[in-house]
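Participant: Got protein-v6.cif for you, mmCIF, C-alpha atoms and all ligand atoms:
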```cif
data_upload
loop_
_atom_site.label_atom_id
_atom_site.label_comp_id
_atom_site.auth_asym_id
_atom_site.auth_seq_id
_atom_site.Cartn_x
_atom_site.Cartn_y
_atom_site.Cartn_z
CA MET S 28 201.84 92.91 45.26
CA ILE S 29 198.82 93.64 47.42
CA LYS S 30 196.64 93.17 44.44
CA GLN S 31 198.12 89.74 43.76
CA HIS S 32 197.61 88.80 47.36
CA LEU S 33 194.02 89.95 47.30
CA GLN S 34 193.42 88.02 44.15
CA ASN S 35 194.82 84.80 45.58
CA LEU S 36 192.79 85.13 48.73
CA ALA S 37 189.59 86.42 47.26
CA LEU S 38 189.43 83.59 44.79
CA THR S 39 190.05 80.80 47.25
CA LYS S 40 188.18 81.01 50.53
CA LEU S 41 185.13 82.86 51.69
CA SER S 42 186.39 83.01 55.28
CA GLN S 43 189.77 84.46 54.25
CA THR S 44 188.01 86.98 52.07
CA LYS S 45 185.88 88.06 55.00
CA ALA S 46 188.99 88.53 57.15
CA LEU S 47 190.74 90.43 54.41
CA LEU S 48 187.81 92.73 54.01
CA GLY S 49 188.07 93.48 57.72
CA LEU S 50 191.53 94.85 57.05
CA LEU S 51 190.19 97.08 54.32
CA GLU S 52 187.38 98.31 56.54
CA PRO S 53 188.39 102.00 56.56
CA PHE S 54 187.60 102.10 52.85
CA ILE S 55 184.29 100.32 53.02
CA GLN S 56 180.87 101.83 52.75
CA ASP S 57 177.52 100.05 52.73
CA LYS S 58 178.72 97.36 55.10
CA ALA S 59 175.29 95.85 55.74
CA SER S 60 174.66 94.84 52.15
CA ILE S 61 178.14 93.34 51.89
CA ASP S 62 177.63 91.36 55.10
CA ALA S 63 174.31 90.11 53.80
CA VAL S 64 175.91 88.69 50.67
CA LEU S 65 178.91 87.09 52.36
CA ASN S 66 176.95 85.63 55.29
CA LYS S 67 174.05 84.40 53.20
CA GLU S 68 172.65 80.95 53.91
CA TYR S 69 171.92 79.19 50.63
CA LYS S 70 168.57 77.42 50.92
CA ILE S 71 168.01 74.11 49.16
CA ALA S 72 164.41 72.87 49.32
CA ILE S 73 163.45 69.25 48.72
CA VAL S 74 160.04 69.33 47.04
CA ALA S 75 157.72 66.64 45.66
CA ASN S 76 154.20 65.39 45.75
CA MET S 77 153.34 63.45 48.88
CA SER S 78 155.14 60.19 49.60
CA ALA S 79 157.74 60.61 46.83
CA GLY S 80 160.40 60.13 49.49
CA LYS S 81 161.57 63.64 50.47
CA SER S 82 161.98 62.88 54.16
CA THR S 83 163.56 59.49 53.40
CA PHE S 84 165.98 61.26 51.04
CA ILE S 85 167.05 63.56 53.88
CA ASN S 86 167.28 60.62 56.29
CA ALA S 87 169.63 59.01 53.76
CA MET S 88 171.71 62.20 53.87
CA PHE S 89 171.77 61.84 57.68
CA ALA S 90 172.39 58.07 57.52
CA ASP S 91 169.73 57.84 60.23
CA ASP S 92 165.96 57.74 60.72
CA ILE S 93 165.38 61.23 62.09
CA LEU S 94 162.49 62.62 60.06
CA PRO S 95 159.15 60.81 59.91
CA ALA S 96 158.60 58.86 56.68
CA TYR S 97 155.54 56.69 56.07
CA SER S 98 153.51 55.54 53.11
CA GLN S 99 150.69 58.06 53.75
CA ALA S 100 150.91 61.90 53.75
CA THR S 101 153.33 62.60 56.60
CA THR S 102 155.36 65.79 56.84
CA ASP S 103 153.19 68.68 57.99
CA CYS S 104 155.50 71.70 58.28
CA PRO S 105 158.80 72.88 56.83
CA VAL S 106 161.88 71.50 58.57
CA TYR S 107 164.96 73.72 58.15
CA ILE S 108 168.13 71.68 58.57
CA TYR S 109 171.43 73.28 59.52
CA SER S 110 174.38 70.95 59.36
CA ASP S 111 177.83 71.53 60.76
CA ASP S 112 180.67 69.23 61.67
CA ASN S 113 180.19 69.58 65.41
CA PRO S 114 177.79 66.94 66.84
CA ASP S 115 177.60 68.94 70.10
CA ASN S 116 175.44 71.48 68.26
CA ASP S 117 172.72 68.93 67.44
CA LYS S 118 169.27 70.04 68.63
CA ALA S 119 165.86 71.12 67.32
CA ILE S 120 163.72 74.18 67.92
CA ILE S 121 160.00 73.74 67.38
CA GLU S 122 157.79 76.76 66.70
CA PHE S 123 154.01 76.60 66.95
CA MET S 124 151.11 78.27 65.17
CA ASP S 125 149.05 78.60 68.35
CA ASP S 126 150.21 80.31 71.55
CA LYS S 127 152.40 77.41 72.74
CA LYS S 128 155.91 78.55 73.61
CA SER S 129 158.64 77.24 71.31
CA VAL S 130 160.32 74.05 72.47
CA GLU S 131 164.00 73.10 72.28
CA LEU S 132 164.81 69.40 71.93
CA SER S 133 168.19 68.03 72.97
CA LYS S 134 170.09 65.66 70.71
CA ASP S 135 168.58 62.64 72.43
CA GLU S 136 165.07 64.06 72.36
CA VAL S 137 165.39 64.77 68.63
CA LYS S 138 165.96 61.06 67.95
CA HIS S 139 162.84 60.02 69.83
CA GLN S 140 160.44 62.93 69.49
CA LEU S 141 161.06 64.86 66.29
CA LYS S 142 158.95 62.36 64.36
CA PHE S 143 155.87 63.33 66.39
CA TYR S 144 156.36 67.07 66.01
CA ALA S 145 157.00 66.90 62.26
CA ARG S 146 154.08 64.70 61.29
CA LYS S 147 150.52 65.57 60.48
CA ASP S 148 148.15 66.27 63.39
CA SER S 149 145.77 63.43 64.12
CA SER S 150 143.56 62.20 66.96
CA GLU S 151 146.27 59.74 68.10
CA LEU S 152 148.80 62.52 68.53
CA ASP S 153 149.31 64.14 71.94
CA ASP S 154 148.32 67.83 71.95
CA LYS S 155 151.86 68.93 72.71
CA TYR S 156 152.98 67.74 69.24
CA LYS S 157 150.20 69.57 67.36
CA SER S 158 149.97 72.90 65.50
CA VAL S 159 153.65 73.04 64.61
CA LYS S 160 154.53 75.97 62.35
CA GLU S 161 158.13 75.12 61.53
CA ILE S 162 161.10 73.18 62.85
CA HIS S 163 164.72 74.27 62.95
CA LEU S 164 166.88 71.18 63.14
CA HIS S 165 170.64 71.24 63.74
CA TRP S 166 171.93 67.82 62.75
CA ASP S 167 174.98 66.30 61.07
CA PHE S 168 174.73 65.08 57.53
CA PHE S 169 176.72 62.00 56.53
CA SER S 170 178.86 63.80 53.95
CA LEU S 171 177.51 67.20 52.88
CA GLN S 172 178.50 69.50 55.76
CA ASN S 173 178.82 73.16 56.52
CA HIS S 174 182.45 73.43 57.63
CA ASP S 175 182.57 76.29 60.04
CA ASN S 176 183.07 79.54 58.16
CA VAL S 177 184.96 77.96 55.24
CA HIS S 178 182.27 77.68 52.61
CA LEU S 179 179.03 79.35 51.75
CA LYS S 180 176.56 78.05 54.33
CA PHE S 181 173.60 75.99 53.15
CA VAL S 182 170.29 74.98 54.71
CA ILE S 183 168.27 71.98 53.50
CA ILE S 184 164.47 72.28 53.78
CA ASP S 185 162.13 69.32 54.03
CA THR S 186 158.66 70.30 52.81
CA PRO S 187 155.18 68.76 52.98
CA GLY S 188 153.87 67.12 49.79
CA PRO S 189 151.14 69.41 48.40
CA ASN S 190 148.84 66.92 46.66
CA ASN S 191 147.15 65.11 49.54
CA THR S 192 143.38 65.23 49.46
CA ASP S 193 142.64 65.72 53.17
CA GLU S 194 141.94 68.91 55.14
CA PHE S 195 145.65 69.75 55.14
CA GLN S 196 145.99 70.08 51.38
CA ASP S 197 145.71 73.90 51.19
CA LYS S 198 148.18 74.35 54.03
CA HIS S 199 150.71 72.00 52.42
CA ARG S 200 150.33 73.61 49.00
CA ASP S 201 150.78 77.12 50.41
CA ILE S 202 153.91 76.12 52.35
CA THR S 203 155.51 74.48 49.33
CA LYS S 204 154.54 77.33 47.00
CA ASN S 205 155.96 79.95 49.33
CA ILE S 206 159.21 78.05 49.74
CA ILE S 207 159.67 77.51 46.00
CA GLN S 208 158.70 81.02 45.01
CA GLU S 209 160.02 83.16 47.85
CA GLU S 210 162.57 81.31 49.95
CA ALA S 211 164.59 78.63 48.16
CA ASP S 212 167.74 79.42 46.20
CA MET S 213 167.64 75.96 44.67
CA VAL S 214 165.25 73.03 44.57
CA LEU S 215 165.67 69.26 44.45
CA TYR S 216 162.45 68.13 42.78
CA LEU S 217 161.79 64.48 43.55
CA PHE S 218 159.55 62.13 41.60
CA ASP S 219 158.25 58.77 42.73
CA TYR S 220 159.30 56.29 40.00
CA GLY S 221 156.01 54.44 40.50
CA GLN S 222 153.94 57.61 39.95
CA ILE S 223 155.96 59.23 37.22
CA ASP S 224 153.33 59.33 34.49
CA THR S 225 150.80 61.05 36.75
CA ASN S 226 153.40 63.66 37.71
CA LEU S 227 154.58 64.87 34.32
CA GLU S 228 151.87 67.32 33.42
CA LEU S 229 151.88 70.98 34.27
CA SER S 230 148.58 72.02 35.75
CA LYS S 231 147.58 75.15 37.61
CA GLY S 232 148.90 75.15 41.17
CA ASN S 233 150.99 71.97 40.91
CA ILE S 234 154.74 71.85 41.61
CA TRP S 235 155.71 72.16 37.95
CA ASP S 236 153.63 75.34 37.81
CA MET S 237 155.26 76.73 40.98
CA ILE S 238 158.73 76.00 39.63
CA LYS S 239 157.95 77.34 36.17
CA GLN S 240 156.72 80.64 37.62
CA ARG S 241 159.87 80.99 39.72
CA LYS S 242 162.09 80.14 36.75
CA GLU S 243 160.38 82.80 34.62
CA ARG S 244 161.15 85.39 37.28
CA ASP S 245 164.64 84.14 37.99
CA ALA S 246 166.37 82.52 35.00
CA GLY S 247 169.32 81.31 37.12
CA PHE S 248 167.07 79.36 39.49
CA GLU S 249 168.62 75.89 39.79
CA VAL S 250 166.57 72.71 39.95
CA PHE S 251 167.91 69.17 40.19
CA PHE S 252 165.28 66.68 39.03
CA ILE S 253 165.50 63.35 40.86
CA VAL S 254 163.64 60.15 40.04
CA ASN S 255 163.45 58.50 43.46
CA LYS S 256 162.47 54.90 44.30
CA ILE S 257 164.45 53.84 41.25
CA ASP S 258 164.73 50.38 42.85
CA MET S 259 161.12 49.90 41.72
CA ALA S 260 162.37 49.82 38.12
CA PHE S 261 163.81 46.33 38.78
CA GLU S 262 160.35 44.85 38.60
CA ASP S 263 159.71 46.55 35.25
CA ASN S 264 163.07 45.38 33.91
CA ARG S 265 162.38 41.82 35.01
CA SER S 266 159.32 41.76 32.79
CA ILE S 267 161.33 42.56 29.64
CA LYS S 268 160.72 39.59 27.32
CA GLU S 269 164.39 38.57 26.94
CA ILE S 270 164.98 38.70 30.68
CA LYS S 271 161.77 36.91 31.56
CA SER S 272 162.61 34.06 29.21
CA SER S 273 166.08 33.39 30.70
CA LYS S 274 166.59 29.67 31.31
CA THR S 275 169.33 29.75 33.92
CA ARG S 276 170.37 32.08 36.74
CA ASP S 277 173.56 33.05 34.87
CA GLU S 278 171.59 33.85 31.74
CA PHE S 279 169.16 35.92 33.83
CA TYR S 280 172.00 38.00 35.32
CA GLN S 281 173.67 38.41 31.93
CA ARG S 282 170.45 39.65 30.31
CA LEU S 283 169.75 41.92 33.24
CA LYS S 284 173.19 43.40 32.56
CA ASP S 285 172.47 43.68 28.83
CA PHE S 286 169.28 45.63 29.57
CA TRP S 287 170.76 47.49 32.54
CA PHE S 288 169.00 50.79 33.30
CA PHE S 289 166.36 50.21 30.62
CA HIS S 290 163.26 51.47 32.41
CA GLU S 291 165.35 53.87 34.48
CA ASN S 292 166.43 55.60 31.25
CA LYS S 293 162.83 55.76 30.09
CA ALA S 294 161.91 57.56 33.32
CA ILE S 295 164.80 60.00 32.86
CA GLU S 296 163.67 60.72 29.29
CA LYS S 297 160.12 61.46 30.46
CA ILE S 298 161.36 63.95 33.04
CA ARG S 299 163.76 65.50 30.52
CA ASN S 300 160.97 66.11 28.00
CA SER S 301 158.76 67.74 30.61
CA ALA S 302 161.58 69.86 32.05
CA ILE S 303 162.51 71.13 28.58
CA LYS S 304 158.85 71.87 27.84
CA TYR S 305 158.59 73.89 31.05
CA GLY S 306 161.64 76.07 30.49
CA PHE S 307 164.75 74.08 31.53
CA SER S 308 166.80 73.82 28.35
CA ASN S 309 169.47 71.52 29.80
CA PRO S 310 168.00 69.91 32.92
CA ASN S 311 170.10 68.12 35.54
CA ILE S 312 168.35 64.79 36.05
CA PHE S 313 169.34 62.07 38.51
CA THR S 314 167.95 58.80 39.71
CA ALA S 315 168.11 57.72 43.36
CA SER S 316 166.97 55.14 45.82
CA ALA S 317 166.69 57.05 49.08
CA GLU S 318 165.37 54.07 51.02
CA TYR S 319 168.23 51.71 50.09
CA GLN S 320 170.85 54.45 50.35
CA LYS S 321 169.65 55.09 53.90
CA LEU S 322 169.85 51.38 54.77
CA VAL S 323 173.36 51.07 53.29
CA ARG S 324 174.54 54.01 55.38
CA MET S 325 172.81 53.25 58.68
CA LYS S 326 174.85 51.66 61.44
CA ALA S 327 172.04 49.48 62.79
CA ILE S 328 168.99 48.26 60.86
CA THR S 329 166.16 45.85 61.62
CA SER S 330 166.37 42.23 60.47
CA ASP S 331 163.60 42.89 57.92
CA ASP S 332 165.58 45.76 56.44
CA LYS S 333 168.72 43.62 56.44
CA GLU S 334 166.91 40.99 54.42
CA LYS S 335 165.58 43.62 52.00
CA LEU S 336 169.07 45.01 51.53
CA ASN S 337 170.59 41.54 51.11
CA THR S 338 168.16 40.76 48.29
CA LEU S 339 169.37 43.86 46.45
CA LYS S 340 173.02 43.04 47.14
CA THR S 341 172.56 39.48 45.83
CA LEU S 342 171.18 40.90 42.61
CA PHE S 343 174.14 43.28 42.19
CA LYS S 344 176.61 40.47 42.99
CA GLY S 345 174.97 38.29 40.32
CA VAL S 346 175.10 41.00 37.67
CA PHE S 347 178.40 42.76 38.43
CA LYS S 348 180.43 40.04 40.21
CA ASP S 349 183.50 41.63 41.88
CA ASP S 350 182.45 45.21 41.08
CA TRP S 351 179.05 44.85 42.73
CA ASP S 352 179.64 47.24 45.62
CA THR S 353 180.83 50.20 43.54
CA GLU S 354 177.99 49.58 41.09
CA LEU S 355 175.49 49.52 43.95
CA ILE S 356 176.67 52.85 45.39
CA ASP S 357 176.55 54.33 41.91
CA TYR S 358 173.01 53.02 41.46
CA LEU S 359 171.72 54.47 44.74
CA LYS S 360 173.17 57.80 43.54
CA ILE S 361 172.75 59.95 46.63
CA SER S 362 176.51 60.38 47.08
CA TRP S 363 176.62 61.59 43.50
CA ILE S 364 173.80 64.08 44.08
CA GLU S 365 175.54 65.31 47.24
CA ASN S 366 178.76 65.83 45.26
CA ARG S 367 176.95 67.71 42.53
CA THR S 368 175.22 69.88 45.12
CA ARG S 369 178.59 70.64 46.74
CA LEU S 370 179.95 71.59 43.31
CA HIS S 371 176.98 73.84 42.72
CA LEU S 372 177.51 75.53 46.10
CA ASP S 373 181.20 75.97 45.28
CA ASN S 374 180.25 77.64 42.00
CA ILE S 375 177.89 80.02 43.77
CA GLU S 376 180.60 80.83 46.30
CA GLN S 377 183.09 81.39 43.51
CA ASN S 378 180.70 83.82 41.85
CA ILE S 379 180.31 85.77 45.08
CA LEU S 380 184.08 85.88 45.60
CA GLU S 381 184.73 86.97 42.04
CA ASN S 382 182.18 89.71 42.50
CA VAL S 383 183.92 90.85 45.68
CA TYR S 384 187.30 90.65 44.00
CA HIS S 385 186.04 92.74 41.11
CA ASN S 386 184.92 95.40 43.57
CA ILE S 387 188.26 95.35 45.39
CA GLU S 388 190.07 95.70 42.11
CA VAL S 389 187.96 98.69 41.15
CA MET S 390 188.69 100.24 44.52
CA LEU S 391 192.43 99.63 44.22
CA LYS S 392 192.49 101.25 40.83
CA ASN S 393 190.88 104.36 42.23
CA ALA S 394 192.18 104.67 45.75
CA LYS S 395 195.43 105.22 47.54
CA LEU S 396 195.51 102.29 49.95
CA ASP S 397 196.36 104.15 53.12
CA CYS S 398 194.62 102.81 56.19
CA ALA S 399 195.42 105.98 58.17
CA ASP S 400 193.46 108.09 55.72
CA THR S 401 189.82 107.18 56.09
CA SER S 402 188.61 110.24 54.24
CA ASN S 403 189.06 108.53 50.90
CA LYS S 404 185.97 106.33 51.12
CA LEU S 405 184.78 104.73 47.94
CA LYS S 406 181.50 103.11 47.24
CA ILE S 407 182.04 99.41 46.76
CA SER S 408 179.69 96.55 47.35
CA TYR S 409 180.05 93.18 49.09
CA MET S 410 182.70 94.14 51.66
CA PRO S 411 182.03 93.36 55.30
CA ARG S 412 184.17 94.03 58.35
CA ASN S 413 185.52 91.16 60.39
CA PRO S 414 185.83 92.65 63.90
CA ASN S 415 188.48 90.14 65.00
CA THR S 416 190.81 90.90 62.15
CA LYS S 417 194.13 92.59 62.73
CA HIS S 418 196.61 91.93 59.95
CA PHE S 419 197.23 89.05 57.62
CA ASP S 420 200.76 87.58 57.77
CA LYS S 421 201.45 86.03 54.41
CA LYS S 422 204.36 83.89 55.71
CA THR S 423 202.30 82.12 58.36
CA GLY S 424 198.97 82.64 56.64
CA LYS S 425 197.57 83.98 59.93
CA TRP S 426 196.06 87.24 61.14
CA ILE S 427 198.47 88.56 63.74
CA SER S 428 199.76 91.77 65.36
CA LYS S 429 198.84 95.25 64.20
CA ASP S 430 202.45 96.08 63.33
CA ASN S 431 202.82 93.63 60.47
CA THR S 432 201.85 94.99 57.12
CA ILE S 433 201.27 93.18 53.87
N1 LIG S 501 161.06 51.41 47.40
C1 LIG S 501 161.37 52.62 47.87
N2 LIG S 501 160.57 53.22 48.78
C2 LIG S 501 160.92 54.46 49.22
C3 LIG S 501 162.06 55.13 48.74
N3 LIG S 501 162.13 56.35 49.35
C4 LIG S 501 161.05 56.41 50.15
N4 LIG S 501 160.32 55.30 50.09
C5 LIG S 501 159.09 54.99 50.84
O1 LIG S 501 158.08 55.90 50.43
C6 LIG S 501 157.21 56.23 51.52
C7 LIG S 501 157.09 57.74 51.63
O2 LIG S 501 158.33 58.29 52.01
P1 LIG S 501 158.47 59.72 52.71
O3 LIG S 501 159.92 59.95 52.87
O4 LIG S 501 157.59 59.81 53.89
O5 LIG S 501 157.86 60.64 51.56
P2 LIG S 501 157.64 62.22 51.61
O6 LIG S 501 157.86 62.72 50.22
O7 LIG S 501 158.45 62.82 52.68
O8 LIG S 501 156.08 62.30 51.95
P3 LIG S 501 155.24 63.53 52.63
O9 LIG S 501 155.96 63.98 53.82
O10 LIG S 501 153.91 62.92 52.96
O11 LIG S 501 155.07 64.58 51.58
C8 LIG S 501 157.83 55.57 52.75
O12 LIG S 501 157.10 54.37 53.01
C9 LIG S 501 159.24 55.26 52.35
O13 LIG S 501 159.77 54.13 53.00
C10 LIG S 501 162.89 54.46 47.79
O14 LIG S 501 163.92 54.96 47.33
N5 LIG S 501 162.49 53.22 47.40
MG MG S 502 157.94 63.91 54.36
#
```
Rewrite the structure of this file - the entire thing - as structure tokens.
Ligand SMILES: Nc1nc2c(ncn2[C@@H]2O[C@H](COP(=O)(O)OP(=O)(O)OP(=O)(O)O)[C@@H](O)[C@H]2O)c(=O)[nH]1
Ligand SMILES: [Mg+2]

Facilitator:
Amino acid sequence: MIKQHLQNLALTKLSQTKALLGLLEPFIQDKASIDAVLNKEYKIAIVANMSAGKSTFINAMFADDILPAYSQATTDCPVYIYSDDNPDNDKAIIEFMDDKKSVELSKDEVKHQLKFYARKDSSELDDKYKSVKEIHLHWDFFSLQNHDNVHLKFVIIDTPGPNNTDEFQDKHRDITKNIIQEEADMVLYLFDYGQIDTNLELSKGNIWDMIKQRKERDAGFEVFFIVNKIDMAFEDNRSIKEIKSSKTRDEFYQRLKDFWFFHENKAIEKIRNSAIKYGFSNPNIFTASAEYQKLVRMKAITSDDKEKLNTLKTLFKGVFKDDWDTELIDYLKISWIENRTRLHLDNIEQNILENVYHNIEVMLKNAKLDCADTSNKLKISYMPRNPNTKHFDKKTGKWISKDNTI
């Protein structure tokens, strides 16, 4: 009976499992290591060479222009992003490399000032924005959220592109290398569609090399490969002979449909071949247009951006007629990547819970479950104490008075 109950709980929700483990506390040893596993923050780093669109990709996840994104090397320090579903928690904490005291930005200040703190130092920048070591940003994502205490918590990390050729190149490379090799649990590796051929080769010290080394050490290390700026493939598709020679608008749209995703697929194949060569036997590869996804999601955009977006919408309407809007969302792909990331996180959480459940099962096989007798301590792993827990009432599904037993 108890066992069944444990099984149902342990295999459903991390938070319930934590509470349940509080109840079993008299039998638990090695609490710290169990707490560490159950309270772990899963770190997902967005990595790429400079200007591939990492910060834009995260802005698309925010549905807002929060991080600086420009056509030259921009991001200068790691930005750790913690997302929950409470907008009152939104703020940023800036830490410096020199002796400046850390700064806390309110929600409003984040919107206006974060861009200056996160970007590369330059002579135009006020001294107060310089020498930033790292930024901790608490901000709401559009769809992928940490729901308080329900799921495994995740942190997204924006990183600087390591291949710029200025005086910051060593700093940027070291930050990215350290994050890939020591910190991240998973990486989203972005490629700029327009630069794909120059970014396929593994060479000493480049991102492929960093990822390959990590993968060799840690076979389960997950990487999603993402070809960003996929909207740029339209130009390449337009130059396909059959499309170029269309005589009417209708014929043009029809041929565009016939050759749909032609150059996009070529880009995917190139990444697939490299990923396989560098140790990923079955790589997860996506395409995305972070810039357009951001514009589609933002509440207010400039008239120039509106025009840019309308041009893309007109093209989709011409090719897909009534289905244009679903096809457009599918093409931009970020929702899809967010869903796959959520699935991945759920799988990780499931693994942790199954591990915990296995340990509980072992304990139940060996122990008399008598909370009054704390002498019978067994070594099990992954079992923290929830200090607020009293007893779990299976009728109401709530933790209530001490007198109720399961
Ligand atoms: N066409 C197109 N442009 C994009 C897309 N995503 C980003 N960009 C543009 O690419 C440029 C670089 O974007 P960022 O987001 O700053 O790139 P980054 O990878 O963060 O660059 P660093 O911080 O310098 O490493 C900006 O001008 C963006 O507007 C996209 O999907 N399509
Ligand atoms: Mg950036």

Participant: Kindly indicate which residue among S:Asn190, S:Thr329, S:Asn113, S:Gln56 lies nearest to ligand LIG 501 (chain S), using only C-alpha atoms and all ligand atoms for the distances.

Facilitator: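 Ranking S:Asn190, S:Thr329, S:Asn113, S:Gln56 by distance to ligand LIG 501 (chain S), first place goes to S:Asn190.
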
Participant: Tell me, counting all atoms listed in the file, for each residue of chain S within 6 Å of ligand MG 502 (chain S), which pair of atoms is nearest and how far apart they are in Å to one decimal, in rows ordered by chain and increasing number, as a tab-separated table.

Facilitator:
```
residue	atom	partner	partner_atom	distance
S:Lys81	CA	S:MG502	MG	5.3
S:Ser82	CA	S:MG502	MG	4.2
S:Ala96	CA	S:MG502	MG	5.6
S:Thr101	CA	S:MG502	MG	5.3
S:Thr102	CA	S:MG502	MG	4.0
S:Pro187	CA	S:MG502	MG	5.7
```

Participant: Could you list, as a PyMOL selection string, all the residues within 10 Å of ligand LIG 501 (chain S), counting only C-alpha atoms and all ligand atoms?

Facilitator: chain S and resi 73-87+94-105+145-147+185-191+199+217-221+254-260+314-321+359

Participant: Keeping only C-alpha atoms, write those residues as a PDB file, keeping the file's coordinate frame.

Facilitator:
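File written: out22.pdb
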```
ATOM      1  CA  ILE S  73     163.450  69.250  48.720  1.00  0.00           C
ATOM      2  CA  VAL S  74     160.040  69.330  47.040  1.00  0.00           C
ATOM      3  CA  ALA S  75     157.720  66.640  45.660  1.00  0.00           C
ATOM      4  CA  ASN S  76     154.200  65.390  45.750  1.00  0.00           C
ATOM      5  CA  MET S  77     153.340  63.450  48.880  1.00  0.00           C
ATOM      6  CA  SER S  78     155.140  60.190  49.600  1.00  0.00           C
ATOM      7  CA  ALA S  79     157.740  60.610  46.830  1.00  0.00           C
ATOM      8  CA  GLY S  80     160.400  60.130  49.490  1.00  0.00           C
ATOM      9  CA  LYS S  81     161.570  63.640  50.470  1.00  0.00           C
ATOM     10  CA  SER S  82     161.980  62.880  54.160  1.00  0.00           C
ATOM     11  CA  THR S  83     163.560  59.490  53.400  1.00  0.00           C
ATOM     12  CA  PHE S  84     165.980  61.260  51.040  1.00  0.00           C
ATOM     13  CA  ILE S  85     167.050  63.560  53.880  1.00  0.00           C
ATOM     14  CA  ASN S  86     167.280  60.620  56.290  1.00  0.00           C
ATOM     15  CA  ALA S  87     169.630  59.010  53.760  1.00  0.00           C
ATOM     16  CA  LEU S  94     162.490  62.620  60.060  1.00  0.00           C
ATOM     17  CA  PRO S  95     159.150  60.810  59.910  1.00  0.00           C
ATOM     18  CA  ALA S  96     158.600  58.860  56.680  1.00  0.00           C
ATOM     19  CA  TYR S  97     155.540  56.690  56.070  1.00  0.00           C
ATOM     20  CA  SER S  98     153.510  55.540  53.110  1.00  0.00           C
ATOM     21  CA  GLN S  99     150.690  58.060  53.750  1.00  0.00           C
ATOM     22  CA  ALA S 100     150.910  61.900  53.750  1.00  0.00           C
ATOM     23  CA  THR S 101     153.330  62.600  56.600  1.00  0.00           C
ATOM     24  CA  THR S 102     155.360  65.790  56.840  1.00  0.00           C
ATOM     25  CA  ASP S 103     153.190  68.680  57.990  1.00  0.00           C
ATOM     26  CA  CYS S 104     155.500  71.700  58.280  1.00  0.00           C
ATOM     27  CA  PRO S 105     158.800  72.880  56.830  1.00  0.00           C
ATOM     28  CA  ALA S 145     157.000  66.900  62.260  1.00  0.00           C
ATOM     29  CA  ARG S 146     154.080  64.700  61.290  1.00  0.00           C
ATOM     30  CA  LYS S 147     150.520  65.570  60.480  1.00  0.00           C
ATOM     31  CA  ASP S 185     162.130  69.320  54.030  1.00  0.00           C
ATOM     32  CA  THR S 186     158.660  70.300  52.810  1.00  0.00           C
ATOM     33  CA  PRO S 187     155.180  68.760  52.980  1.00  0.00           C
ATOM     34  CA  GLY S 188     153.870  67.120  49.790  1.00  0.00           C
ATOM     35  CA  PRO S 189     151.140  69.410  48.400  1.00  0.00           C
ATOM     36  CA  ASN S 190     148.840  66.920  46.660  1.00  0.00           C
ATOM     37  CA  ASN S 191     147.150  65.110  49.540  1.00  0.00           C
ATOM     38  CA  HIS S 199     150.710  72.000  52.420  1.00  0.00           C
ATOM     39  CA  LEU S 217     161.790  64.480  43.550  1.00  0.00           C
ATOM     40  CA  PHE S 218     159.550  62.130  41.600  1.00  0.00           C
ATOM     41  CA  ASP S 219     158.250  58.770  42.730  1.00  0.00           C
ATOM     42  CA  TYR S 220     159.300  56.290  40.000  1.00  0.00           C
ATOM     43  CA  GLY S 221     156.010  54.440  40.500  1.00  0.00           C
ATOM     44  CA  VAL S 254     163.640  60.150  40.040  1.00  0.00           C
ATOM     45  CA  ASN S 255     163.450  58.500  43.460  1.00  0.00           C
ATOM     46  CA  LYS S 256     162.470  54.900  44.300  1.00  0.00           C
ATOM     47  CA  ILE S 257     164.450  53.840  41.250  1.00  0.00           C
ATOM     48  CA  ASP S 258     164.730  50.380  42.850  1.00  0.00           C
ATOM     49  CA  MET S 259     161.120  49.900  41.720  1.00  0.00           C
ATOM     50  CA  ALA S 260     162.370  49.820  38.120  1.00  0.00           C
ATOM     51  CA  THR S 314     167.950  58.800  39.710  1.00  0.00           C
ATOM     52  CA  ALA S 315     168.110  57.720  43.360  1.00  0.00           C
ATOM     53  CA  SER S 316     166.970  55.140  45.820  1.00  0.00           C
ATOM     54  CA  ALA S 317     166.690  57.050  49.080  1.00  0.00           C
ATOM     55  CA  GLU S 318     165.370  54.070  51.020  1.00  0.00           C
ATOM     56  CA  TYR S 319     168.230  51.710  50.090  1.00  0.00           C
ATOM     57  CA  GLN S 320     170.850  54.450  50.350  1.00  0.00           C
ATOM     58  CA  LYS S 321     169.650  55.090  53.900  1.00  0.00           C
ATOM     59  CA  LEU S 359     171.720  54.470  44.740  1.00  0.00           C
TER      60      LEU S 359
END
```

Participant: Nearest to Glu136 (chain S): which of S:Asp236, S:Thr338, S:Asp117, S:Ile303 is it, counting only C-alpha atoms?

Facilitator: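 Of the candidates, the smallest distance to Glu136 (chain S) is held by S:Asp117.
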
Participant: So what do you get for CA of Lys340 (chain S) versus CA of Asn292 (chain S), distance-wise?

Facilitator: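 Computed distance, CA of Lys340 (chain S) to CA of Asn292 (chain S), equals 21.3 Å.
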
Participant: Which of these, S:Ile202, S:Ala302, S:Leu227, S:Val182, has the shortest distance to Lys239 (chain S) once you count all atoms listed in the file?

Facilitator: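 Distance minimum relative to Lys239 (chain S) lands on S:Ala302.
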
Participant: What does the distance between CA of Leu164 (chain S) and CA of Ala119 (chain S) come to in Å, to one decimal place?

Facilitator: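 Interatomic distance, CA of Leu164 (chain S) to CA of Ala119 (chain S): 4.3 Å.
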
Participant: Determine, counting all atoms listed in the file, which protein, DNA and RNA residues have an atom within 7 Å of an atom of Val159 (chain S); residues of the same chain fewer than 4 positions away are not included. Present the result as a CSV table (one decimal) with C-alpha atoms, in the frame of the given file.

Facilitator:
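Everything below was put into out-v5.csv:
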```csv
chain,number,residue,atom,x,y,z
S,104,CYS,CA,155.5,71.7,58.3
S,121,ILE,CA,160.0,73.7,67.4
S,122,GLU,CA,157.8,76.8,66.7
S,123,PHE,CA,154.0,76.6,67.0
S,124,MET,CA,151.1,78.3,65.2
S,144,TYR,CA,156.4,67.1,66.0
```
